[in-house]
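Q: This one is query-v7.txt, compact mmCIF, C-alpha atoms.
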# COMPACT_ATOMS: atom_id res chain seq x y z
CA SER A 1 67.18 188.32 -5.04
CA LEU A 2 65.75 187.43 -1.64
CA MET A 3 62.90 185.42 -3.13
CA ALA A 4 65.24 183.60 -5.49
CA HIS A 5 67.45 182.73 -2.52
CA LEU A 6 64.45 181.42 -0.55
CA LYS A 7 63.35 179.25 -3.45
CA GLU A 8 66.82 177.79 -3.84
CA THR A 9 67.45 177.12 -0.13
CA ASP A 10 63.93 176.50 1.20
CA GLY A 11 61.71 175.66 -1.76
CA ALA A 12 61.75 171.93 -1.07
CA THR A 13 61.04 172.16 2.67
CA GLY A 14 58.69 175.19 2.77
CA THR A 15 59.84 176.58 6.12
CA VAL A 16 58.98 180.10 4.94
CA ILE A 17 55.25 180.24 4.22
CA ALA A 18 54.78 183.99 3.64
CA VAL A 19 56.82 187.15 3.25
CA GLN A 20 56.18 190.58 4.74
CA ILE A 21 56.87 193.44 2.35
CA GLU A 22 58.13 196.43 4.32
CA ASN A 23 57.04 197.00 7.93
CA GLU A 24 54.15 199.30 8.86
CA PRO A 25 54.74 201.49 5.80
CA GLY A 26 53.76 205.15 5.59
CA ILE A 27 54.86 208.65 6.59
CA LEU A 28 55.09 209.72 10.24
CA GLY A 29 54.69 213.40 11.03
CA ALA A 30 52.68 214.45 7.97
CA ASP A 31 49.71 213.29 5.93
CA ARG A 32 51.65 213.42 2.67
CA ASP A 33 54.79 214.49 0.82
CA TYR A 34 54.84 218.29 0.52
CA SER A 35 57.69 218.48 -1.99
CA LEU A 36 57.10 219.77 -5.52
CA GLU A 37 56.69 216.19 -6.69
CA GLY A 38 54.20 215.55 -3.89
CA GLU A 39 52.16 218.63 -4.82
CA ALA A 40 52.10 217.52 -8.44
CA ALA A 41 50.89 214.05 -7.48
CA LEU A 42 48.11 215.49 -5.29
CA ASN A 43 46.86 217.64 -8.16
CA LYS A 44 46.69 214.82 -10.66
CA GLN A 45 43.46 213.09 -11.59
CA VAL A 46 42.50 210.21 -9.31
CA PRO A 47 43.16 207.00 -11.32
CA ALA A 48 40.06 205.75 -13.09
CA GLU A 49 40.71 202.20 -11.86
CA LEU A 50 40.26 203.36 -8.24
CA ILE A 51 36.97 205.09 -9.04
CA ALA A 52 35.75 201.96 -10.81
CA TYR A 53 36.76 199.84 -7.81
CA LEU A 54 34.87 202.11 -5.40
CA GLN A 55 31.79 202.07 -7.59
CA GLN A 56 31.85 198.29 -7.69
CA ARG A 57 32.47 197.84 -3.96
CA GLY A 58 30.00 200.51 -2.80
CA ALA A 59 31.14 200.46 0.84
CA GLY A 60 33.98 201.42 3.16
CA GLU A 61 35.42 204.72 4.38
CA THR A 62 37.18 205.45 1.09
CA TRP A 63 33.85 205.11 -0.70
CA GLN A 64 32.12 207.28 1.92
CA ALA A 65 34.72 210.05 1.50
CA TRP A 66 34.17 209.88 -2.25
CA GLN A 67 30.39 210.04 -1.82
CA THR A 68 30.69 213.01 0.56
CA ASN A 69 32.56 215.01 -2.06
CA GLY A 70 30.21 214.36 -4.95
CA ALA A 71 31.02 210.86 -6.24
CA ARG A 72 32.43 212.27 -9.47
CA ALA A 73 34.21 210.12 -12.02
CA GLN A 74 37.04 212.61 -12.49
CA GLY A 75 38.95 215.07 -10.35
CA THR A 76 42.03 215.56 -8.21
CA TRP A 77 42.59 213.74 -4.94
CA THR A 78 41.40 216.73 -2.93
CA ALA A 79 38.41 217.35 -5.18
CA LEU A 80 37.18 213.77 -4.88
CA PHE A 81 38.13 212.97 -1.27
CA GLY A 82 38.27 216.32 0.51
CA LEU A 83 40.36 216.42 3.70
CA HIS A 84 41.37 212.79 3.16
CA GLY A 85 42.82 213.49 -0.28
CA GLY A 86 46.41 213.81 0.92
CA GLU A 87 46.28 210.53 2.85
CA PHE A 88 44.60 208.67 -0.01
CA CYS A 89 47.12 210.00 -2.51
CA THR A 90 49.94 208.86 -0.22
CA ALA A 91 48.31 205.44 0.20
CA TRP A 92 48.05 205.01 -3.57
CA SER A 93 51.71 205.89 -4.03
CA VAL A 94 52.98 203.64 -1.23
CA ALA A 95 50.73 200.74 -2.22
CA LYS A 96 51.74 200.95 -5.89
CA TYR A 97 55.42 200.86 -4.96
CA ILE A 98 55.05 197.90 -2.60
CA ASP A 99 52.89 196.06 -5.14
CA ALA A 100 55.70 196.44 -7.70
CA VAL A 101 58.17 194.96 -5.20
CA ALA A 102 55.80 192.04 -4.51
CA ALA A 103 55.21 191.41 -8.21
CA GLU A 104 58.97 191.19 -8.87
CA GLY A 105 59.45 188.88 -5.91
CA LYS A 106 56.63 186.55 -6.97
CA GLN A 107 58.21 186.11 -10.37
CA ALA A 108 61.18 184.58 -8.58
CA TYR A 109 59.21 182.57 -5.98
CA ASP A 110 55.43 182.74 -5.73
CA LEU A 111 54.83 182.81 -1.97
CA PRO A 112 51.96 184.66 -0.24
CA MET A 113 52.94 188.23 0.55
CA TYR A 114 51.44 190.59 3.10
CA VAL A 115 51.73 194.08 4.53
CA ASN A 116 51.34 194.75 8.24
CA VAL A 117 49.64 197.91 9.47
CA TRP A 118 50.33 200.40 12.23
CA LEU A 119 46.70 201.11 13.02
CA GLY A 120 45.13 204.54 13.10
CA TYR A 121 42.32 203.47 15.47
CA PRO A 122 41.79 204.01 18.35
CA GLY A 123 43.75 207.01 19.52
CA TRP A 124 44.32 210.09 17.38
CA PRO A 125 42.82 209.15 13.98
CA VAL A 126 45.01 211.73 12.25
CA PRO A 127 47.41 210.67 9.46
CA GLY A 128 50.93 211.43 10.60
CA PHE A 129 50.22 210.33 14.19
CA TYR A 130 50.16 206.90 12.56
CA PRO A 131 52.06 206.27 9.29
CA SER A 132 50.02 208.07 6.65
CA GLY A 133 49.61 205.98 3.54
CA GLY A 134 49.53 202.69 5.40
CA ALA A 135 46.59 200.35 4.97
CA VAL A 136 44.50 201.69 7.86
CA TRP A 137 40.76 201.17 7.75
CA ARG A 138 40.19 204.45 5.95
CA THR A 139 42.54 203.51 3.11
CA ILE A 140 42.21 199.73 2.89
CA ASP A 141 40.19 199.93 -0.33
CA VAL A 142 42.88 202.11 -1.89
CA TRP A 143 45.37 199.36 -1.07
CA LYS A 144 43.13 196.57 -2.34
CA CYS A 145 42.84 198.34 -5.67
CA ALA A 146 46.46 199.49 -5.98
CA ALA A 147 48.22 196.33 -4.73
CA PRO A 148 46.73 193.18 -6.28
CA HIS A 149 49.94 191.22 -5.64
CA ILE A 150 49.57 191.67 -1.86
CA ASP A 151 47.62 188.68 -0.56
CA LEU A 152 46.93 189.94 2.96
CA ILE A 153 46.63 193.26 4.74
CA ALA A 154 47.37 192.40 8.35
CA PRO A 155 46.68 194.60 11.40
CA ASP A 156 49.20 194.83 14.24
CA ILE A 157 46.84 194.72 17.24
CA TYR A 158 48.10 195.90 20.63
CA HIS A 159 44.74 197.04 22.03
CA ALA A 160 43.62 195.27 25.19
CA ASN A 161 40.12 196.77 25.26
CA PHE A 162 37.88 194.24 23.54
CA ASN A 163 35.54 196.84 22.06
CA ASP A 164 38.49 198.30 20.16
CA TYR A 165 39.85 194.84 19.43
CA ARG A 166 36.54 193.65 18.00
CA THR A 167 36.25 196.74 15.81
CA ILE A 168 39.68 196.10 14.32
CA CYS A 169 38.89 192.43 13.68
CA GLU A 170 35.65 193.40 11.96
CA GLN A 171 37.45 195.91 9.77
CA TYR A 172 40.13 193.51 8.55
CA THR A 173 37.96 190.39 8.17
CA ARG A 174 36.63 190.57 4.64
CA PRO A 175 35.87 188.10 1.85
CA ASP A 176 39.02 189.36 0.13
CA ASN A 177 41.09 189.57 3.34
CA PRO A 178 41.13 186.83 6.00
CA LEU A 179 42.23 187.97 9.44
CA PHE A 180 45.95 187.54 10.10
CA VAL A 181 47.60 189.21 13.11
CA PRO A 182 51.39 189.45 12.62
CA GLU A 183 52.03 191.51 15.77
CA SER A 184 50.33 191.60 19.16
CA SER A 185 51.31 192.00 22.79
CA ALA A 186 52.65 189.26 25.06
CA ASP A 187 50.13 189.57 27.88
CA GLY A 188 47.18 187.64 29.22
CA ILE A 189 44.45 189.87 27.82
CA ASN A 190 45.83 189.48 24.33
CA ALA A 191 45.91 185.71 24.67
CA ARG A 192 42.21 185.71 25.50
CA ASN A 193 41.43 188.10 22.67
CA MET A 194 43.34 185.74 20.40
CA LEU A 195 40.77 183.04 21.21
CA ARG A 196 38.02 185.38 20.04
CA ALA A 197 39.91 186.16 16.85
CA ILE A 198 39.97 182.44 16.08
CA ALA A 199 36.41 181.62 17.12
CA ASP A 200 34.55 184.76 16.06
CA PHE A 201 36.63 186.07 13.14
CA ASN A 202 38.18 182.90 11.70
CA ALA A 203 41.75 184.15 12.09
CA ILE A 204 44.30 182.18 10.05
CA GLY A 205 47.42 183.23 11.95
CA TYR A 206 48.52 184.96 15.14
CA PHE A 207 51.91 186.12 16.44
CA CYS A 208 53.21 187.96 19.49
CA PHE A 209 55.93 190.58 19.51
CA ALA A 210 58.69 190.06 22.11
CA VAL A 211 57.39 186.62 22.99
CA ASP A 212 60.81 185.87 24.53
CA SER A 213 59.84 188.23 27.37
CA LEU A 214 57.69 185.40 28.73
CA LEU A 215 60.85 183.52 29.74
CA ASP A 216 63.20 184.04 32.66
CA MET A 217 66.99 184.06 32.37
CA GLU A 218 67.06 180.26 32.62
CA GLY A 219 64.64 179.87 29.71
CA SER A 220 61.65 178.79 31.79
CA VAL A 221 58.20 180.35 31.50
CA ARG A 222 57.72 183.04 34.13
CA GLU A 223 54.99 182.17 36.62
CA GLY A 224 52.88 185.19 35.77
CA ALA A 225 53.02 184.31 32.08
CA LEU A 226 51.69 180.76 32.46
CA PRO A 227 48.01 181.62 31.68
CA PHE A 228 49.17 183.37 28.52
CA VAL A 229 51.26 180.39 27.45
CA GLU A 230 48.50 177.92 28.24
CA SER A 231 46.02 179.91 26.15
CA PHE A 232 48.23 179.38 23.12
CA ARG A 233 48.83 175.74 24.03
CA SER A 234 45.08 175.16 24.10
CA VAL A 235 44.92 176.43 20.52
CA ILE A 236 47.82 174.23 19.46
CA ALA A 237 46.15 171.22 21.06
CA LEU A 238 42.98 171.79 19.00
CA LEU A 239 44.66 173.04 15.83
CA PRO A 240 43.63 170.13 13.54
CA LEU A 241 39.98 170.69 14.43
CA ILE A 242 40.33 174.48 14.20
CA GLN A 243 41.57 174.07 10.64
CA ARG A 244 38.76 171.63 9.82
CA TYR A 245 35.89 173.67 11.28
CA ARG A 246 37.15 177.21 10.68
CA GLY A 247 34.35 179.41 9.35
CA LYS A 248 31.58 176.87 10.07
CA GLY A 249 30.29 178.42 13.30
CA ARG A 250 31.38 175.46 15.43
CA ILE A 251 34.30 177.05 17.29
CA HIS A 252 33.47 178.96 20.48
CA ALA A 253 35.81 181.02 22.65
CA VAL A 254 35.63 180.95 26.44
CA VAL A 255 36.80 184.33 27.75
CA GLU A 256 36.26 185.62 31.28
CA GLU A 257 35.62 189.35 31.60
CA ASP A 258 35.86 191.41 34.78
CA TYR A 259 32.68 191.19 36.88
CA GLN A 260 31.18 188.60 34.55
CA VAL A 261 29.29 185.78 36.29
CA ASN A 262 29.14 183.34 33.39
CA GLN A 263 29.28 182.99 29.62
CA CYS A 264 26.56 181.30 27.58
CA PHE A 265 26.64 179.42 24.29
CA GLU A 266 24.06 178.08 21.88
CA PHE A 267 24.92 174.79 20.21
CA GLU A 268 22.91 172.75 17.74
CA ARG A 269 20.89 170.82 20.33
CA TYR A 270 22.15 172.18 23.64
CA LEU A 271 22.63 175.38 25.57
CA GLY A 272 25.96 175.75 27.32
CA ALA A 273 27.30 177.88 30.15
CA THR A 274 30.70 178.39 31.74
CA PRO A 275 30.44 179.71 35.33
CA PHE A 276 33.12 182.21 36.33
CA MET A 277 32.83 181.55 40.06
CA ASN A 278 33.40 178.80 42.59
CA ILE A 279 30.91 175.96 42.41
CA GLY A 280 31.10 174.65 45.96
CA ARG A 281 33.41 171.88 46.97
CA TYR A 282 33.68 170.65 43.39
CA SER A 283 35.94 173.59 42.55
CA GLU A 284 38.56 172.26 44.97
CA GLN A 285 41.78 171.14 43.34
CA LYS A 286 41.85 167.47 44.26
CA ASP A 287 41.21 164.07 42.80
CA HIS A 288 41.74 161.42 45.46
CA ARG A 289 41.74 158.47 43.11
CA HIS A 290 44.26 159.69 40.60
CA GLY A 291 46.51 161.83 42.74
CA ARG A 292 46.56 164.81 40.45
CA SER A 293 44.64 168.03 39.91
CA PRO A 294 42.01 167.57 37.21
CA GLN A 295 39.90 170.61 38.00
CA ILE A 296 40.45 174.08 36.58
CA THR A 297 43.47 175.97 37.85
CA ALA A 298 42.52 178.23 40.76
CA GLY A 299 43.51 181.88 40.48
CA TRP A 300 43.72 181.78 36.70
CA PRO A 301 41.22 183.41 34.36
CA HIS A 302 38.79 181.14 32.57
CA PHE A 303 39.82 180.70 28.94
CA GLY A 304 39.77 178.18 26.14
CA LEU A 305 37.92 176.83 23.14
CA VAL A 306 34.90 174.58 22.68
CA ILE A 307 34.55 172.89 19.30
CA GLU A 308 31.20 171.31 18.46
CA VAL A 309 31.99 168.64 15.86
CA GLY A 310 28.51 167.12 16.00
CA PRO A 311 25.20 167.55 17.80
CA ARG A 312 26.41 165.38 20.71
CA GLU A 313 30.21 165.59 20.49
CA PHE A 314 32.37 168.40 21.89
CA TYR A 315 36.11 169.00 22.23
CA LEU A 316 37.44 171.25 25.01
CA ALA A 317 40.83 172.75 25.79
CA GLY A 318 41.79 175.53 28.21
CA ASN A 319 40.78 176.31 31.80
CA PHE A 320 37.01 176.28 32.38
CA HIS A 321 33.89 174.29 33.27
CA LEU A 322 31.18 173.68 30.69
CA PHE A 323 27.59 172.87 31.69
CA LEU A 324 25.12 171.68 29.07
CA VAL A 325 21.33 171.38 29.02
CA PRO A 326 19.10 170.28 26.13
CA LYS A 327 17.33 173.10 24.34
CA GLU A 328 14.05 171.28 24.84
CA SER A 329 14.37 170.19 28.45
CA PRO A 330 11.22 168.93 30.21
CA ARG A 331 12.84 169.74 33.58
CA TRP A 332 13.89 173.38 33.16
CA SER A 333 12.29 174.32 36.47
CA ASP A 334 14.54 171.82 38.24
CA VAL A 335 17.60 173.26 36.53
CA LEU A 336 16.73 176.79 37.54
CA LYS A 337 16.04 175.79 41.15
CA SER A 338 19.32 174.05 41.75
CA PRO A 339 21.68 173.51 38.81
CA LEU A 340 24.35 171.95 41.04
CA VAL A 341 22.24 169.06 42.28
CA PHE A 342 20.71 168.20 38.93
CA THR A 343 22.30 166.35 36.03
CA PRO A 344 21.10 168.22 32.92
CA VAL A 345 22.57 165.79 30.35
CA ASP A 346 23.60 162.16 30.23
CA TYR A 347 27.08 161.49 28.96
CA LEU A 348 28.36 158.53 27.01
CA THR A 349 32.10 159.14 27.56
CA VAL A 350 34.30 161.93 28.88
CA GLU A 351 37.93 161.37 27.89
CA GLU A 352 41.26 163.17 28.09
CA GLY A 353 43.79 162.80 25.31
CA HIS A 354 45.31 164.48 22.28
CA LEU A 355 44.71 164.95 18.56
CA THR A 356 46.85 163.56 15.77
CA PRO A 357 47.86 165.94 12.95
CA ALA A 358 44.99 164.43 10.96
CA GLY A 359 42.52 165.36 13.71
CA GLU A 360 41.94 161.89 15.13
CA PHE A 361 41.41 161.82 18.89
CA VAL A 362 43.70 159.55 20.93
CA PRO A 363 42.29 158.96 24.44
CA THR A 364 44.73 158.55 27.32
CA ARG A 365 42.34 158.62 30.27
CA THR A 366 38.61 158.08 30.81
CA ARG A 367 36.75 160.05 33.47
CA ASN A 368 34.01 158.55 35.58
CA GLY A 369 32.03 158.97 38.76
CA ASP A 370 32.72 162.18 40.68
CA GLU A 371 34.95 163.44 37.86
CA VAL A 372 31.91 164.15 35.69
CA VAL A 373 29.32 164.68 38.40
CA PHE A 374 26.43 167.12 37.98
CA GLY A 375 26.84 167.42 34.22
CA GLY A 376 29.89 169.65 34.52
CA PHE A 377 32.62 169.00 31.98
CA TRP A 378 35.90 170.77 32.67
CA ALA A 379 39.12 171.46 30.82
CA SER A 380 42.42 172.33 32.46
CA PRO A 381 45.99 172.66 31.14
CA ALA A 382 46.88 169.30 32.73
CA CYS A 383 44.22 167.47 30.73
CA GLY A 384 45.19 168.28 27.15
CA VAL A 385 42.16 167.84 24.93
CA VAL A 386 38.88 166.70 26.51
CA ARG A 387 36.31 164.90 24.37
CA VAL A 388 32.70 164.85 25.61
CA ARG A 389 30.21 162.53 23.93
CA LEU A 390 26.57 162.63 25.03
CA VAL A 391 23.79 160.10 24.72
CA GLU A 392 20.90 161.09 22.52
CA ALA A 393 18.67 163.60 24.29
How would this structure read if it were set down as structure tokens?

A:
Amino acid sequence: SLMAHLKETDGATGTVIAVQIENEPGILGADRDYSLEGEAALNKQVPAELIAYLQQRGAGETWQAWQTNGARAQGTWTALFGLHGGEFCTAWSVAKYIDAVAAEGKQAYDLPMYVNVWLGYPGWPVPGFYPSGGAVWRTIDVWKCAAPHIDLIAPDIYHANFNDYRTICEQYTRPDNPLFVPESSADGINARNMLRAIADFNAIGYFCFAVDSLLDMEGSVREGALPFVESFRSVIALLPLIQRYRGKGRIHAVVEEDYQVNQCFEFERYLGATPFMNIGRYSEQKDHRHGRSPQITAGWPHFGLVIEVGPREFYLAGNFHLFLVPKESPRWSDVLKSPLVFTPVDYLTVEEGHLTPAGEFVPTRTRNGDEVVFGGFWASPACGVVRVRLVEA
């Protein structure tokens, strides 16, 4: 009924682009249903289609649990998966039910459908501490087999630690499952991790829970939330190019970590670096000729994206400096001696502007002279999108 209503009221405009079936499904407080019906389900044979799927895939924690217990073609959930049998049985049951709901809905209106996941990692990796039967990493292959009408399995990521964050992104980025984050936290660390999700894991969507908490009672962005907001604005500014170059290795995230001096990049013909420290008087926030602040915002973390659209053309958005040197530089010793008094690359144009929805760059201001001195190209929230074009090395 819901899907039929959406088709009738929104089918022509397409405001709704996907539908979430349930919310973080599973059982809290136990690994499975211990009723008589639950016991009967646990003692049934594991469906042959799941065994065939695991044999074909040959990887993942579900497959490993099956291998550990003998990799047999027949047997009960406990016999084939050991201690994980109860959780896998629950996952099969929950996934089959939700897949039936999705299948009915798609008959009425065929929109993409997804399930979001209360993660079991990190923390206590014990089913019941997180909803048992949900599509956590241990059970994602059970879900992929049992729920073919679910287009995406999407992790709700609230972990600030990037080691944990990276692990989760790696787990949910698969050929059959692009990364989509339907819930995350409204804080600065998450905004920077979001840049990595886009650049390193080709994320196709990202949302924040309680995003209204970034506003004060008058509806203005709270001062402490500005870096978070500007991180997302930098993505919006580059969105046409992100869509065009997603998955091609040309999108790079600038993310400042605690105690990190700089971040390095390797481009097609150049090496790049973003220094996370003051660079003498050229870090001061002043531009005498234009009466505004073109340099990076002091006191904010360095963040943003660099998109390499060609060997000598780069697009920047965020809050950072980018220095470039040719990979085959005849003057490396000069660079190493004093990078701030040496111009590593020659630029053709450095322009501020914006992108059209089609990805065409519209310049609004051209930099020159001291604004591009020493080969340092900078992006700041006030600049929008910065396009850097270099002469041939």

Q: Using all atoms listed in the file, find the one residue out of A:Gln295, A:Val254, A:Ala48, A:Asn23 that sits nearest to Pro182 in chain A.

A: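 Nearest candidate to Pro182 in chain A out of A:Gln295, A:Val254, A:Ala48, A:Asn23: A:Asn23.
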
Q: Which value, in Å to one decimal, gives the distance between CA of His84 in chain A and CA of Val101 in chain A?

A: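 So the two atoms, CA of His84 in chain A and CA of Val101 in chain A, lie 25.9 Å apart.
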
Q: What lies within 6 Å of range 312-323 of chain A using all atoms listed in the file, ignoring chain neighbours under 6 positions off, as a ChimeraX atom specification?

A: /A:234,272-274,296,302-306,376-381,385-390

Q: Distance CA of Thr68 in chain A-CA of Pro178 in chain A, one decimal place?

A: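 Computed distance, CA of Thr68 in chain A to CA of Pro178 in chain A, equals 28.7 Å.
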
Q: As a PyMOL selection string, please: the residues near Ala4 in chain A (cut-off 12 Å, only C-alpha atoms, same-chain neighbours under 6 positions excluded).

A: chain A and resi 10-11+104-111

Q: Name the residues within 9 Å of (55.6, 208.4, 9.4), counting all atoms listed in the file in the file's coordinates, and put them as JSON, numbers by chain.

A: {"A": [25, 26, 27, 28, 29, 30, 31, 127, 128, 129, 130, 131, 132, 133]}

Q: Mind listing whatever residues come within 10 Å of the point (58.4, 185.6, 27.6)? Use only C-alpha atoms, file coordinates, and give them as a list in words.

A: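 Residues satisfying the cut-off, written out: Ala186, Asp187, Cys208, Phe209, Ala210, Val211, Asp212, Ser213, Leu214, Leu215, Asp216, Met217, Gly219, Ser220, Val221, Arg222, Gly224, Ala225, Leu226, Phe228 and Val229 of chain A.
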
Q: Skipping near chain neighbours, those fewer than 5 positions away, what residues fall within 10 Å of Tyr53 in chain A using only C-alpha atoms, listed as a list in words?

A: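 The filter keeps Ala48, Gly58, Trp63, Asp141, Val142, Lys144, Cys145 and Ala146 of chain A.
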
Q: Name the closest residue to Asp151 in chain A among the candidates A:Val126, A:Leu54, A:Gln20, A:Ala41; distances are taken between atoms, counting all atoms listed in the file.

A: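 Between A:Val126, A:Leu54, A:Gln20, A:Ala41, the residue approaching Asp151 in chain A most closely is A:Gln20.
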
Q: Some atoms are missing, so please complete range 84-104 of chain A with N, CA, C and O atoms and return it as a PDB file, keeping the file's coordinate frame.

A:
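Dumped to result_34.pdb:
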ATOM      1  N   HIS A  84      40.635 214.052   3.202  1.00  0.00           N
ATOM      2  CA  HIS A  84      41.370 212.790   3.160  1.00  0.00           C
ATOM      3  C   HIS A  84      42.201 212.635   1.891  1.00  0.00           C
ATOM      4  O   HIS A  84      42.885 211.623   1.722  1.00  0.00           O
ATOM      5  N   GLY A  85      42.139 213.607   1.000  1.00  0.00           N
ATOM      6  CA  GLY A  85      42.820 213.490  -0.280  1.00  0.00           C
ATOM      7  C   GLY A  85      44.317 213.249  -0.153  1.00  0.00           C
ATOM      8  O   GLY A  85      44.881 212.413  -0.861  1.00  0.00           O
ATOM      9  N   GLY A  86      44.968 213.983   0.756  1.00  0.00           N
ATOM     10  CA  GLY A  86      46.410 213.810   0.920  1.00  0.00           C
ATOM     11  C   GLY A  86      46.766 212.405   1.385  1.00  0.00           C
ATOM     12  O   GLY A  86      47.710 211.792   0.881  1.00  0.00           O
ATOM     13  N   GLU A  87      46.012 211.883   2.349  1.00  0.00           N
ATOM     14  CA  GLU A  87      46.280 210.530   2.850  1.00  0.00           C
ATOM     15  C   GLU A  87      46.008 209.485   1.769  1.00  0.00           C
ATOM     16  O   GLU A  87      46.785 208.539   1.604  1.00  0.00           O
ATOM     17  N   PHE A  88      44.921 209.647   1.020  1.00  0.00           N
ATOM     18  CA  PHE A  88      44.600 208.670  -0.010  1.00  0.00           C
ATOM     19  C   PHE A  88      45.627 208.698  -1.137  1.00  0.00           C
ATOM     20  O   PHE A  88      45.987 207.647  -1.680  1.00  0.00           O
ATOM     21  N   CYS A  89      46.084 209.875  -1.491  1.00  0.00           N
ATOM     22  CA  CYS A  89      47.120 210.000  -2.510  1.00  0.00           C
ATOM     23  C   CYS A  89      48.405 209.302  -2.048  1.00  0.00           C
ATOM     24  O   CYS A  89      49.054 208.582  -2.809  1.00  0.00           O
ATOM     25  N   THR A  90      48.756 209.505  -0.785  1.00  0.00           N
ATOM     26  CA  THR A  90      49.940 208.860  -0.220  1.00  0.00           C
ATOM     27  C   THR A  90      49.760 207.339  -0.219  1.00  0.00           C
ATOM     28  O   THR A  90      50.682 206.590  -0.570  1.00  0.00           O
ATOM     29  N   ALA A  91      48.576 206.866   0.167  1.00  0.00           N
ATOM     30  CA  ALA A  91      48.310 205.440   0.200  1.00  0.00           C
ATOM     31  C   ALA A  91      48.445 204.829  -1.193  1.00  0.00           C
ATOM     32  O   ALA A  91      49.012 203.737  -1.353  1.00  0.00           O
ATOM     33  N   TRP A  92      47.935 205.513  -2.198  1.00  0.00           N
ATOM     34  CA  TRP A  92      48.050 205.010  -3.570  1.00  0.00           C
ATOM     35  C   TRP A  92      49.510 204.881  -3.984  1.00  0.00           C
ATOM     36  O   TRP A  92      49.924 203.862  -4.557  1.00  0.00           O
ATOM     37  N   SER A  93      50.299 205.895  -3.661  1.00  0.00           N
ATOM     38  CA  SER A  93      51.710 205.890  -4.030  1.00  0.00           C
ATOM     39  C   SER A  93      52.476 204.773  -3.318  1.00  0.00           C
ATOM     40  O   SER A  93      53.220 204.012  -3.938  1.00  0.00           O
ATOM     41  N   VAL A  94      52.280 204.659  -2.002  1.00  0.00           N
ATOM     42  CA  VAL A  94      52.980 203.640  -1.230  1.00  0.00           C
ATOM     43  C   VAL A  94      52.548 202.247  -1.668  1.00  0.00           C
ATOM     44  O   VAL A  94      53.375 201.340  -1.848  1.00  0.00           O
ATOM     45  N   ALA A  95      51.242 202.056  -1.844  1.00  0.00           N
ATOM     46  CA  ALA A  95      50.730 200.740  -2.220  1.00  0.00           C
ATOM     47  C   ALA A  95      51.220 200.330  -3.608  1.00  0.00           C
ATOM     48  O   ALA A  95      51.569 199.158  -3.828  1.00  0.00           O
ATOM     49  N   LYS A  96      51.251 201.258  -4.546  1.00  0.00           N
ATOM     50  CA  LYS A  96      51.740 200.950  -5.890  1.00  0.00           C
ATOM     51  C   LYS A  96      53.206 200.522  -5.864  1.00  0.00           C
ATOM     52  O   LYS A  96      53.606 199.581  -6.561  1.00  0.00           O
ATOM     53  N   TYR A  97      54.003 201.216  -5.062  1.00  0.00           N
ATOM     54  CA  TYR A  97      55.420 200.860  -4.960  1.00  0.00           C
ATOM     55  C   TYR A  97      55.583 199.459  -4.373  1.00  0.00           C
ATOM     56  O   TYR A  97      56.317 198.616  -4.902  1.00  0.00           O
ATOM     57  N   ILE A  98      54.900 199.199  -3.265  1.00  0.00           N
ATOM     58  CA  ILE A  98      55.050 197.900  -2.600  1.00  0.00           C
ATOM     59  C   ILE A  98      54.486 196.782  -3.475  1.00  0.00           C
ATOM     60  O   ILE A  98      55.034 195.670  -3.509  1.00  0.00           O
ATOM     61  N   ASP A  99      53.421 197.066  -4.232  1.00  0.00           N
ATOM     62  CA  ASP A  99      52.890 196.060  -5.140  1.00  0.00           C
ATOM     63  C   ASP A  99      53.911 195.710  -6.217  1.00  0.00           C
ATOM     64  O   ASP A  99      54.040 194.534  -6.604  1.00  0.00           O
ATOM     65  N   ALA A 100      54.663 196.713  -6.692  1.00  0.00           N
ATOM     66  CA  ALA A 100      55.700 196.440  -7.700  1.00  0.00           C
ATOM     67  C   ALA A 100      56.791 195.553  -7.127  1.00  0.00           C
ATOM     68  O   ALA A 100      57.294 194.644  -7.801  1.00  0.00           O
ATOM     69  N   VAL A 101      57.169 195.805  -5.860  1.00  0.00           N
ATOM     70  CA  VAL A 101      58.170 194.960  -5.200  1.00  0.00           C
ATOM     71  C   VAL A 101      57.648 193.527  -5.083  1.00  0.00           C
ATOM     72  O   VAL A 101      58.363 192.554  -5.365  1.00  0.00           O
ATOM     73  N   ALA A 102      56.389 193.376  -4.661  1.00  0.00           N
ATOM     74  CA  ALA A 102      55.800 192.040  -4.510  1.00  0.00           C
ATOM     75  C   ALA A 102      55.720 191.320  -5.846  1.00  0.00           C
ATOM     76  O   ALA A 102      55.997 190.113  -5.926  1.00  0.00           O
ATOM     77  N   ALA A 103      55.325 192.031  -6.890  1.00  0.00           N
ATOM     78  CA  ALA A 103      55.210 191.410  -8.210  1.00  0.00           C
ATOM     79  C   ALA A 103      56.558 190.879  -8.682  1.00  0.00           C
ATOM     80  O   ALA A 103      56.654 189.769  -9.226  1.00  0.00           O
ATOM     81  N   GLU A 104      57.623 191.648  -8.491  1.00  0.00           N
ATOM     82  CA  GLU A 104      58.970 191.190  -8.870  1.00  0.00           C
ATOM     83  C   GLU A 104      59.361 189.964  -8.064  1.00  0.00           C
ATOM     84  O   GLU A 104      59.917 189.002  -8.597  1.00  0.00           O
TER      85      GLU A 104
END
